[in-house]
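For reference, the structure is listed below as structure tokens.
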Amino acid sequence: MTDILKDVTVYGKEQPWRERKIACAMYGEYVTKLNYKKSARVVECGEVLRFASSGSELRLFQAWFCHSRLCPMCNWRRARKQSYQLSLIINEALEQNPSGIFLFLTLTEKNATASTLKTELQNMNASFYRLFQYQKTSKNLLGYVRSTEITFNEKNQTYHQHAHVLLFMKSTYFRDSQNYIKQAEWSKFWKRARKLNYEPIVNVKRVRPNVRRGDTSLASSAREVAKYQVKSTDYLTGSESRDLKVVGTLENALNHTRQLSFGGVLKDIRQQLKLDDLDNDDSPQNLIKLGINPATGQKVTEVDYVWNPVSNNYEKW
Ligand SMILES: [Zn+2]
């Protein structure tokens with residue numbers, strides 16, 4: 001019987017290598033049909049996974065990935081790494097400014113079409129910088145991290161581009177009405193910065209570091225910022241002509257853009273912590289020595305898995 005990859009974390013969660021590779025293969029087919037230069041890289045993404053194994057635990061120590069923004073394999077790995085790095089930045093920010101407050105701000109606007117998406121994303125970017133140049137929005141701001149997310153609206157065939165921002169504010173933000181900005185006021189500031197002729201929907205809420213329940217915690221807001229820019233289920237439905245249009249539009253709109261941008265102390269801390277490049281697979285934490293682990297005395301051996309496109313599984317080499 002063929003040995004199939006089963007990578008289960010210490011918390012008992014199985015890693016979705018197989019699901020991701022199946023989606024990655026579909027994405028690879030699309031970029032091939034669209035004649036993108038990178039298509040060969042995408043097709044080969046994550047074909048071979050080399051793990052270090054000690055007992056039941058596997059740790060990836062070498063693999064080759066395509067790093068394409070829309071690749072389901074790569075954006076899963078990137079989101080995990082981004083989320084981890086963001087948690088380090090947040091912890092350090094609170095260490096340096098214990099009275100600092102986090103807000104989670106969502107900025108929206110009307111949907112774009114396939115032909116306007118790229119320009120609207122660029123305009124949104126410029127408007128974001130204007131938003132924090134106003135006296136009231138800037139005076140309590142310590143730093144921010146922002147991500148842009150896009151969802152596809154099937155019914156209207158439009159794209160909903162919006163920004164998630166984690167704001168780190170001085171505690172004086174809540175002092176009085178000269179400092180505190182109500183949701184309706186945030187909407188006015190966004191309208192002005194974004195130069196809109198309508199009231200945009202803006203949502204703002206305070207997030208706390210130690211709240212366990214769902215959507216109000218800092219950790220879940222950080223995950224929201226660090227997650228994928230576009231859900232792969234929005235462009236990989238299996239309906240080919242429809243998917244090709246959406247993939248083409250997104251590839252064009254996201255080309256040469258960054259998913260995350262940092263400002264203020266969060267930007268400084270990110271540099272201080274010397275966090276490695278998100279697309280670097282050779283970071284020191286990935287360096288694992290085979291042989292006997294001196295800390296545990298356990299034997300660490302190499303186990304390699306190769307993707308089999310016929311059986312749709314990772315099989316032991
Ligand atoms: Zn990839």
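Each chain of the structure tokens is named A, B, ... in the order shown, its residues numbered from 1; ligands are numbered from 1 in display order.
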So that I can see what lies close to A:Cys71, please list as a short mmCIF file (atom, residue, chain, number, x, y, z; two decimals) with all heavy atoms, in the first residue's frame the residues with an atom at most 9 Å from it, counting only C-alpha atoms and leaving out residues fewer than 4 positions away in the same chain.
data_model
loop_
_atom_site.label_atom_id
_atom_site.label_comp_id
_atom_site.auth_asym_id
_atom_site.auth_seq_id
_atom_site.Cartn_x
_atom_site.Cartn_y
_atom_site.Cartn_z
N ARG A 20 -4.70 21.91 -0.65
CA ARG A 20 -4.01 23.06 -1.22
C ARG A 20 -3.36 22.73 -2.55
O ARG A 20 -3.36 23.53 -3.48
CB ARG A 20 -2.95 23.57 -0.22
CG ARG A 20 -3.59 24.19 1.00
CD ARG A 20 -4.15 25.54 0.62
NE ARG A 20 -5.17 25.98 1.56
CZ ARG A 20 -5.78 27.16 1.48
NH1 ARG A 20 -5.50 27.98 0.50
NH2 ARG A 20 -6.70 27.49 2.35
N ALA A 23 -6.01 22.50 -5.30
CA ALA A 23 -6.41 23.84 -5.74
C ALA A 23 -5.30 24.51 -6.54
O ALA A 23 -5.55 25.18 -7.55
CB ALA A 23 -6.79 24.70 -4.53
N CYS A 24 -4.06 24.28 -6.10
CA CYS A 24 -2.89 24.85 -6.78
C CYS A 24 -2.79 24.30 -8.21
O CYS A 24 -2.45 25.02 -9.14
CB CYS A 24 -1.65 24.50 -5.96
SG CYS A 24 -0.09 24.80 -6.76
N TYR A 27 -5.26 26.12 -10.32
CA TYR A 27 -4.73 27.46 -10.59
C TYR A 27 -3.62 27.38 -11.64
O TYR A 27 -3.54 28.21 -12.55
CB TYR A 27 -4.21 28.06 -9.27
CG TYR A 27 -3.51 29.38 -9.42
CD1 TYR A 27 -4.17 30.49 -9.94
CD2 TYR A 27 -2.17 29.53 -9.03
CE1 TYR A 27 -3.52 31.71 -10.08
CE2 TYR A 27 -1.52 30.74 -9.16
CZ TYR A 27 -2.20 31.83 -9.69
OH TYR A 27 -1.55 33.02 -9.82
N GLY A 28 -2.79 26.33 -11.55
CA GLY A 28 -1.71 26.12 -12.51
C GLY A 28 -2.25 25.93 -13.93
O GLY A 28 -1.70 26.45 -14.90
N VAL A 42 4.19 27.66 -11.25
CA VAL A 42 2.98 27.36 -10.48
C VAL A 42 2.68 25.86 -10.54
O VAL A 42 2.36 25.24 -9.53
CB VAL A 42 1.77 28.18 -11.00
CG1 VAL A 42 0.49 27.80 -10.24
CG2 VAL A 42 2.03 29.68 -10.87
N CYS A 45 4.81 24.01 -8.20
CA CYS A 45 4.77 24.47 -6.80
C CYS A 45 4.45 23.32 -5.83
O CYS A 45 3.45 22.63 -5.99
CB CYS A 45 3.73 25.58 -6.67
SG CYS A 45 3.58 26.23 -5.00
N CYS A 66 6.04 28.43 -5.56
CA CYS A 66 6.05 29.41 -6.67
C CYS A 66 5.91 30.86 -6.21
O CYS A 66 6.26 31.77 -6.92
CB CYS A 66 4.94 29.07 -7.66
SG CYS A 66 3.27 29.52 -7.12
N HIS A 67 5.39 31.08 -5.00
CA HIS A 67 5.22 32.42 -4.42
C HIS A 67 4.27 33.33 -5.19
O HIS A 67 4.33 34.55 -5.06
CB HIS A 67 6.58 33.13 -4.25
CG HIS A 67 7.54 32.34 -3.42
ND1 HIS A 67 7.22 31.86 -2.19
CD2 HIS A 67 8.81 31.93 -3.67
CE1 HIS A 67 8.23 31.19 -1.71
NE2 HIS A 67 9.21 31.21 -2.59
N ASN A 75 -0.50 31.03 -0.71
CA ASN A 75 -1.15 32.00 0.17
C ASN A 75 -1.59 31.40 1.50
O ASN A 75 -1.70 32.10 2.50
CB ASN A 75 -2.24 32.84 -0.53
CG ASN A 75 -3.37 32.05 -1.09
OD1 ASN A 75 -3.67 30.96 -0.60
ND2 ASN A 75 -4.03 32.59 -2.10
N TRP A 76 -1.76 30.11 1.53
CA TRP A 76 -1.98 29.42 2.83
C TRP A 76 -0.73 29.56 3.70
O TRP A 76 -0.79 29.96 4.85
CB TRP A 76 -2.32 27.95 2.59
CG TRP A 76 -2.18 27.07 3.79
CD1 TRP A 76 -2.79 27.23 5.01
CD2 TRP A 76 -1.36 25.90 3.90
NE1 TRP A 76 -2.40 26.22 5.86
CE2 TRP A 76 -1.53 25.39 5.21
CE3 TRP A 76 -0.51 25.21 3.02
CZ2 TRP A 76 -0.88 24.24 5.66
CZ3 TRP A 76 0.12 24.07 3.46
CH2 TRP A 76 -0.05 23.59 4.77
N SER A 232 -9.52 31.72 -2.35
CA SER A 232 -9.35 30.97 -3.59
C SER A 232 -10.69 30.42 -4.12
O SER A 232 -10.85 30.22 -5.32
CB SER A 232 -8.33 29.85 -3.43
OG SER A 232 -8.70 28.99 -2.40
#
I want to know what sits within 6 Å of A:Val165, based on only C-alpha atoms, with residues of the same chain fewer than 5 positions away left out; could you give that as a VMD selection string? chain A and resid 104 to 105 145 to 146
Go ahead and dump the residues you just picked, N, CA and C atoms, as a compact mmCIF listing (two decimals), in the first residue's frame.
# COMPACT_ATOMS: atom_id res chain seq x y z
N PHE A 104 -9.83 48.08 15.30
CA PHE A 104 -9.92 47.36 14.04
C PHE A 104 -10.87 48.15 13.14
N LEU A 105 -10.32 48.66 12.05
CA LEU A 105 -11.07 49.56 11.17
C LEU A 105 -11.24 48.89 9.81
N VAL A 145 -1.23 48.63 10.67
CA VAL A 145 -0.94 47.65 9.62
C VAL A 145 -2.23 47.48 8.83
N ARG A 146 -2.09 47.52 7.54
CA ARG A 146 -3.27 47.51 6.68
C ARG A 146 -3.16 46.41 5.63
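Nearest residue to A:Lys188, choosing from A:Gln161, A:Asn125, A:Thr257, A:Thr137 and counting only C-alpha atoms: A:Thr137.
Once stretch 201-212 of chain A and its same-chain neighbours fewer than 3 positions away are set aside, Ile101, Phe102, Leu103, Phe104, Leu105, Thr106, Leu107, Thr108, Glu109, Gln183, Ala184, Trp186, Ser187, Trp190, Thr216, Ser217, Leu218, Ala219 and Ser221 of chain A remain within 8 Å of it when counting only C-alpha atoms.
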DSSP-assigned helix (DSSP H, G or I) members of stretch 42-229 of chain A, reported as a PyMOL selection string: chain A and resi 42-44+72-96+117-131+135-138+171-174+183-194+214-216+218-226
I'd like to know which residues of stretch 72-165 of chain A are strand (DSSP E or B) (by DSSP, run on the backbone); could you write them as a ChimeraX atom specification? /A:101-107,112,141-153,158-165
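The shell of residues at most 9 Å from stretch 233-241 of chain A, with only C-alpha atoms counted and near chain neighbours (fewer than 6 positions) removed, consists of Ala23, Met26, Tyr27, Tyr30, Thr151, Phe152, Asn153, Glu154, Val247 and Leu250 of chain A.
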Writing out the chosen residues with all heavy atoms as a PDB file, in the first residue's frame:
ATOM      1  N   ALA A  23      -6.013  22.499  -5.301  1.00  0.00           N
ATOM      2  CA  ALA A  23      -6.415  23.844  -5.744  1.00  0.00           C
ATOM      3  C   ALA A  23      -5.296  24.507  -6.543  1.00  0.00           C
ATOM      4  O   ALA A  23      -5.548  25.179  -7.547  1.00  0.00           O
ATOM      5  CB  ALA A  23      -6.789  24.696  -4.531  1.00  0.00           C
ATOM      6  N   MET A  26      -5.286  23.350 -10.098  1.00  0.00           N
ATOM      7  CA  MET A  26      -6.309  24.018 -10.913  1.00  0.00           C
ATOM      8  C   MET A  26      -5.844  25.424 -11.301  1.00  0.00           C
ATOM      9  O   MET A  26      -5.954  25.842 -12.451  1.00  0.00           O
ATOM     10  CB  MET A  26      -7.638  24.103 -10.139  1.00  0.00           C
ATOM     11  CG  MET A  26      -8.775  24.692 -10.971  1.00  0.00           C
ATOM     12  SD  MET A  26     -10.273  24.998  -9.991  1.00  0.00           S
ATOM     13  CE  MET A  26     -10.997  23.373  -9.992  1.00  0.00           C
ATOM     14  N   TYR A  27      -5.264  26.120 -10.319  1.00  0.00           N
ATOM     15  CA  TYR A  27      -4.726  27.461 -10.588  1.00  0.00           C
ATOM     16  C   TYR A  27      -3.618  27.376 -11.643  1.00  0.00           C
ATOM     17  O   TYR A  27      -3.540  28.210 -12.553  1.00  0.00           O
ATOM     18  CB  TYR A  27      -4.210  28.062  -9.274  1.00  0.00           C
ATOM     19  CG  TYR A  27      -3.511  29.385  -9.421  1.00  0.00           C
ATOM     20  CD1 TYR A  27      -4.172  30.492  -9.942  1.00  0.00           C
ATOM     21  CD2 TYR A  27      -2.175  29.526  -9.029  1.00  0.00           C
ATOM     22  CE1 TYR A  27      -3.519  31.706 -10.077  1.00  0.00           C
ATOM     23  CE2 TYR A  27      -1.519  30.736  -9.158  1.00  0.00           C
ATOM     24  CZ  TYR A  27      -2.196  31.826  -9.686  1.00  0.00           C
ATOM     25  OH  TYR A  27      -1.552  33.020  -9.825  1.00  0.00           O
ATOM     26  N   TYR A  30      -5.048  27.154 -15.073  1.00  0.00           N
ATOM     27  CA  TYR A  30      -5.577  28.436 -15.539  1.00  0.00           C
ATOM     28  C   TYR A  30      -4.464  29.371 -16.008  1.00  0.00           C
ATOM     29  O   TYR A  30      -4.577  29.998 -17.052  1.00  0.00           O
ATOM     30  CB  TYR A  30      -6.397  29.113 -14.436  1.00  0.00           C
ATOM     31  CG  TYR A  30      -7.710  28.428 -14.132  1.00  0.00           C
ATOM     32  CD1 TYR A  30      -8.385  28.654 -12.942  1.00  0.00           C
ATOM     33  CD2 TYR A  30      -8.296  27.544 -15.052  1.00  0.00           C
ATOM     34  CE1 TYR A  30      -9.590  28.038 -12.657  1.00  0.00           C
ATOM     35  CE2 TYR A  30      -9.502  26.921 -14.766  1.00  0.00           C
ATOM     36  CZ  TYR A  30     -10.142  27.166 -13.565  1.00  0.00           C
ATOM     37  OH  TYR A  30     -11.328  26.559 -13.287  1.00  0.00           O
ATOM     38  N   THR A 151     -13.291  40.629  -2.643  1.00  0.00           N
ATOM     39  CA  THR A 151     -14.205  39.499  -2.812  1.00  0.00           C
ATOM     40  C   THR A 151     -14.941  39.693  -4.139  1.00  0.00           C
ATOM     41  O   THR A 151     -15.118  40.820  -4.596  1.00  0.00           O
ATOM     42  CB  THR A 151     -15.235  39.394  -1.658  1.00  0.00           C
ATOM     43  OG1 THR A 151     -15.899  40.643  -1.524  1.00  0.00           O
ATOM     44  CG2 THR A 151     -14.574  39.043  -0.342  1.00  0.00           C
ATOM     45  N   PHE A 152     -15.323  38.580  -4.725  1.00  0.00           N
ATOM     46  CA  PHE A 152     -15.999  38.656  -6.011  1.00  0.00           C
ATOM     47  C   PHE A 152     -17.484  38.474  -5.826  1.00  0.00           C
ATOM     48  O   PHE A 152     -17.925  37.567  -5.117  1.00  0.00           O
ATOM     49  CB  PHE A 152     -15.445  37.572  -6.952  1.00  0.00           C
ATOM     50  CG  PHE A 152     -16.059  37.604  -8.323  1.00  0.00           C
ATOM     51  CD1 PHE A 152     -15.865  38.699  -9.159  1.00  0.00           C
ATOM     52  CD2 PHE A 152     -16.829  36.551  -8.781  1.00  0.00           C
ATOM     53  CE1 PHE A 152     -16.435  38.739 -10.429  1.00  0.00           C
ATOM     54  CE2 PHE A 152     -17.401  36.579 -10.051  1.00  0.00           C
ATOM     55  CZ  PHE A 152     -17.193  37.678 -10.875  1.00  0.00           C
ATOM     56  N   ASN A 153     -18.266  39.365  -6.424  1.00  0.00           N
ATOM     57  CA  ASN A 153     -19.713  39.262  -6.343  1.00  0.00           C
ATOM     58  C   ASN A 153     -20.235  38.603  -7.621  1.00  0.00           C
ATOM     59  O   ASN A 153     -20.231  39.204  -8.689  1.00  0.00           O
ATOM     60  CB  ASN A 153     -20.322  40.661  -6.158  1.00  0.00           C
ATOM     61  CG  ASN A 153     -21.828  40.599  -5.983  1.00  0.00           C
ATOM     62  OD1 ASN A 153     -22.543  40.002  -6.801  1.00  0.00           O
ATOM     63  ND2 ASN A 153     -22.324  41.211  -4.928  1.00  0.00           N
ATOM     64  N   GLU A 154     -20.666  37.353  -7.437  1.00  0.00           N
ATOM     65  CA  GLU A 154     -21.077  36.529  -8.581  1.00  0.00           C
ATOM     66  C   GLU A 154     -22.274  37.139  -9.309  1.00  0.00           C
ATOM     67  O   GLU A 154     -22.308  37.193 -10.541  1.00  0.00           O
ATOM     68  CB  GLU A 154     -21.448  35.128  -8.050  1.00  0.00           C
ATOM     69  CG  GLU A 154     -21.572  34.072  -9.094  1.00  0.00           C
ATOM     70  CD  GLU A 154     -20.209  33.657  -9.644  1.00  0.00           C
ATOM     71  OE1 GLU A 154     -19.373  33.181  -8.851  1.00  0.00           O
ATOM     72  OE2 GLU A 154     -19.983  33.822 -10.857  1.00  0.00           O
ATOM     73  N   VAL A 247      -9.553  35.190 -12.703  1.00  0.00           N
ATOM     74  CA  VAL A 247      -8.107  35.069 -12.458  1.00  0.00           C
ATOM     75  C   VAL A 247      -7.349  36.146 -13.242  1.00  0.00           C
ATOM     76  O   VAL A 247      -6.476  36.830 -12.706  1.00  0.00           O
ATOM     77  CB  VAL A 247      -7.583  33.652 -12.808  1.00  0.00           C
ATOM     78  CG1 VAL A 247      -6.054  33.606 -12.810  1.00  0.00           C
ATOM     79  CG2 VAL A 247      -8.119  32.619 -11.821  1.00  0.00           C
ATOM     80  N   LEU A 250      -7.812  39.549 -11.570  1.00  0.00           N
ATOM     81  CA  LEU A 250      -7.096  39.665 -10.298  1.00  0.00           C
ATOM     82  C   LEU A 250      -5.587  39.714 -10.503  1.00  0.00           C
ATOM     83  O   LEU A 250      -4.884  40.482  -9.842  1.00  0.00           O
ATOM     84  CB  LEU A 250      -7.472  38.498  -9.371  1.00  0.00           C
ATOM     85  CG  LEU A 250      -8.912  38.504  -8.837  1.00  0.00           C
ATOM     86  CD1 LEU A 250      -9.219  37.194  -8.122  1.00  0.00           C
ATOM     87  CD2 LEU A 250      -9.153  39.680  -7.893  1.00  0.00           C
TER      88      LEU A 250
END
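Residue nearest ligand 1, chosen from A:Ile89, A:Ile4, A:Leu266, A:Val31 and counting only C-alpha atoms and all ligand atoms: A:Val31.
Using only C-alpha atoms, the smallest distance between any of A:Gln96, A:Thr172, A:Ser53, A:Gln122 and A:Arg258 comes from A:Gln122.
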With only C-alpha atoms and all ligand atoms as the basis for distance, which of A:Thr2, A:Gln272, A:Ser68, A:Ser39 is at the shortest distance from ligand 1? A:Ser68
For A:Leu166, the nearest of the candidates A:Gly264, A:Pro200, A:Pro16, A:Gly248, counting only C-alpha atoms: A:Gly264
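Minimum distance to ligand 1 across A:Met73, A:Leu60, A:Ala40, A:Ala112 (counting only C-alpha atoms and all ligand atoms) occurs at A:Met73.
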Separation of atom CA of A:Ala93 from atom CA of A:Leu141 in Å: 12.8 Å
Can you work out the spacing between atom CA of A:Tyr314 and atom CA of A:Arg18 in Å, to one decimal? 6.8 Å
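Residues in contact range of A:Arg270, defined as at most 12 Å between only C-alpha atoms, with sequence neighbours fewer than 2 positions away removed, read Gln82, Gln85, Leu86, Ser87, Leu88, Ile89, Ile90, Asn91, Glu92, Ala93, Gly143, Tyr144, Val145, Ser261, Phe262, Gly263, Gly264, Val265, Leu266, Lys267, Asp268, Gln272, Leu273, Lys274, Leu275, Asp276 and Asp277 of chain A.
Atom CA of A:Cys74 to atom CA of A:Ala114 spans 24.1 Å [interatomic distance, one decimal].
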